[in-house]
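Participant: One structure coming up, written as structure tokens, with questions to follow.
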Amino acid sequence: MRDIDAREITKAVSRLFQEANFFLPDDVRACLQRARETEESPVAREVIDGILENADIASNEKMPLCQDCGAAVVFLELGQEVHITGDDLYAAVNEGVRQAYSEGYLRKSMVRQPYSARVNTKDNAPAIIYTDIVPGDKLKIIAMPKGGGAENMTRLAMLPPARGRQGIIDFVVNAVDEAGSNPCPPVVVGVGIGGTAEKTLMLAKKALLRKIGEPSPDPEVAEMEKEILQRINNLGIGSMGYGGRVTALAVNIEVFPAHIASMPAAVNLNCHSTRHKEAIL
């Protein structure tokens, strides 16, 4: 059994959320630069130039990439040989979120009662926390600030199995088409297929964590990712909705077995500021 002090978790969470909001991941930046080179539309190229310049300013000045610093989504992979000391695990995570959004001057966007008074919690807590128990004596923390514009475009479909592969493709492409400029394209498209309703939504969100340009290890899934990306980029929505060839930077699909009567599918979008950072304690 290995002890991990809750204060170290708080410190890591605070650092990760600040870094995720300040620094565009290298894979996203590289993909945007490639998109700029292949984009045919002069207006879209200018928009991508602005996105890259914004990322440089955010990095140099340690300022948020976007005014929407997101809901604090946290994925934990907790080794079964780990013992948390000093405080409750989730309390430590939430304290890290509070410190990050205060010390980093990040916009606090969480409201306590979503359907009535909608009073801001003033510290961006509580975090949305998902925990997997895994072998080992380490704790992996993934911080994902999730902006409202992209999250609002999430779609779930309980498709009949007879719709098959083509039904999945049409559903995903239509979801991006209907989203239009709302999620601030060029987007990264996370797709979940299989499981149950809540499982497929989680698959779609976790798919966004995969490195851009890294296809699924399953050749059949990788081919579907490629086909969907091509169809999405033929929609003509373009960067920030101004038209062009690059509406999506990547399509990442995660698949899970499903019931014989079901074919759940979900789409979860990330804007061009695809923000996430991780650490292992």
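Quick note on naming: the chains in the structure tokens go A, B, ... in the order shown, residues restart at 1 in each chain, and ligands are numbered from 1 in order of appearance.
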According to DSSP computed on the backbone, where in region 147-240 of chain A is there alpha helix (DSSP H)? Give the residues as number ranges by chain.
Facilitator: A: 148-151, 164-179, 197-207, 219-233
Participant: Near Glu151 (chain A), counting only C-alpha atoms, which residues have an atom at most 10 Å away, once you skip same-chain residues fewer than 3 positions from it, shown as a ChimeraX atom specification?
Facilitator: /A:70-71,146-148,154-155,182-183,205,267-271
Participant: Using only C-alpha atoms, tabulate the residues of region 28-122 of chain A lying at most 10 Å from any atom of region 7-16 of chain A, each with its closest atom pair and that distance in Å to one decimal, by chain and increasing residue number, as CSV.
Facilitator:
```
residue,atom,partner,partner_atom,distance
A:Ala72,CA,A:Val13,CA,10.0
A:Val74,CA,A:Val13,CA,8.7
A:Ile84,CA,A:Ile9,CA,9.2
A:Thr85,CA,A:Arg7,CA,8.7
A:Gly86,CA,A:Arg7,CA,7.4
A:Asp87,CA,A:Arg7,CA,8.0
A:Leu89,CA,A:Ile9,CA,8.0
A:Tyr90,CA,A:Thr10,CA,9.6
A:Ala91,CA,A:Thr10,CA,8.6
A:Ala92,CA,A:Thr10,CA,5.0
A:Val93,CA,A:Thr10,CA,5.5
A:Asn94,CA,A:Thr10,CA,7.7
A:Glu95,CA,A:Thr10,CA,6.0
A:Gly96,CA,A:Thr10,CA,4.1
A:Val97,CA,A:Ser14,CA,5.7
A:Arg98,CA,A:Ser14,CA,7.7
A:Gln99,CA,A:Ser14,CA,5.8
A:Ala100,CA,A:Ser14,CA,4.3
A:Tyr101,CA,A:Ser14,CA,7.9
A:Ser102,CA,A:Ser14,CA,9.5
A:Glu103,CA,A:Ser14,CA,8.6
A:Gly104,CA,A:Ser14,CA,8.8
```
Participant: Hey, can you spit out that residue selection with C-alpha atoms as a JSON list (two decimals), in the first residue's frame?
Facilitator:
```json
[["chain", "number", "residue", "atom", "x", "y", "z"],
["A", 72, "ALA", "CA", -13.93, 21.42, -14.21],
["A", 74, "VAL", "CA", -11.66, 15.48, -13.72],
["A", 84, "ILE", "CA", -5.19, 8.76, 0.37],
["A", 85, "THR", "CA", -4.15, 10.44, 3.61],
["A", 86, "GLY", "CA", -5.04, 13.77, 5.19],
["A", 87, "ASP", "CA", -8.41, 14.38, 3.52],
["A", 89, "LEU", "CA", -10.08, 12.36, -2.27],
["A", 90, "TYR", "CA", -12.93, 14.34, -3.81],
["A", 91, "ALA", "CA", -12.54, 17.13, -1.25],
["A", 92, "ALA", "CA", -8.87, 17.39, -2.25],
["A", 93, "VAL", "CA", -9.81, 17.59, -5.94],
["A", 94, "ASN", "CA", -12.44, 20.27, -5.34],
["A", 95, "GLU", "CA", -10.00, 22.32, -3.27],
["A", 96, "GLY", "CA", -7.56, 22.13, -6.18],
["A", 97, "VAL", "CA", -10.25, 23.46, -8.50],
["A", 98, "ARG", "CA", -11.00, 26.34, -6.13],
["A", 99, "GLN", "CA", -7.33, 27.28, -5.92],
["A", 100, "ALA", "CA", -6.81, 27.03, -9.68],
["A", 101, "TYR", "CA", -9.72, 29.27, -10.59],
["A", 102, "SER", "CA", -8.83, 31.81, -7.91],
["A", 103, "GLU", "CA", -5.03, 31.94, -8.30],
["A", 104, "GLY", "CA", -5.16, 31.67, -12.10]]
```
Participant: Please determine, counting only C-alpha atoms, which residue among A:Ser41, A:Asn21, A:Thr131, A:Asn174 has the shortest atom-to-atom distance to Val246 (chain A).
Facilitator: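 Nearest to Val246 (chain A): A:Ser41.
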Participant: What is the distance, in Å and to one decimal place, between CA of Asp27 (chain A) and CA of Gly190 (chain A)?
Facilitator: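 CA of Gly190 (chain A) lies at a distance of 15.8 Å from CA of Asp27 (chain A).
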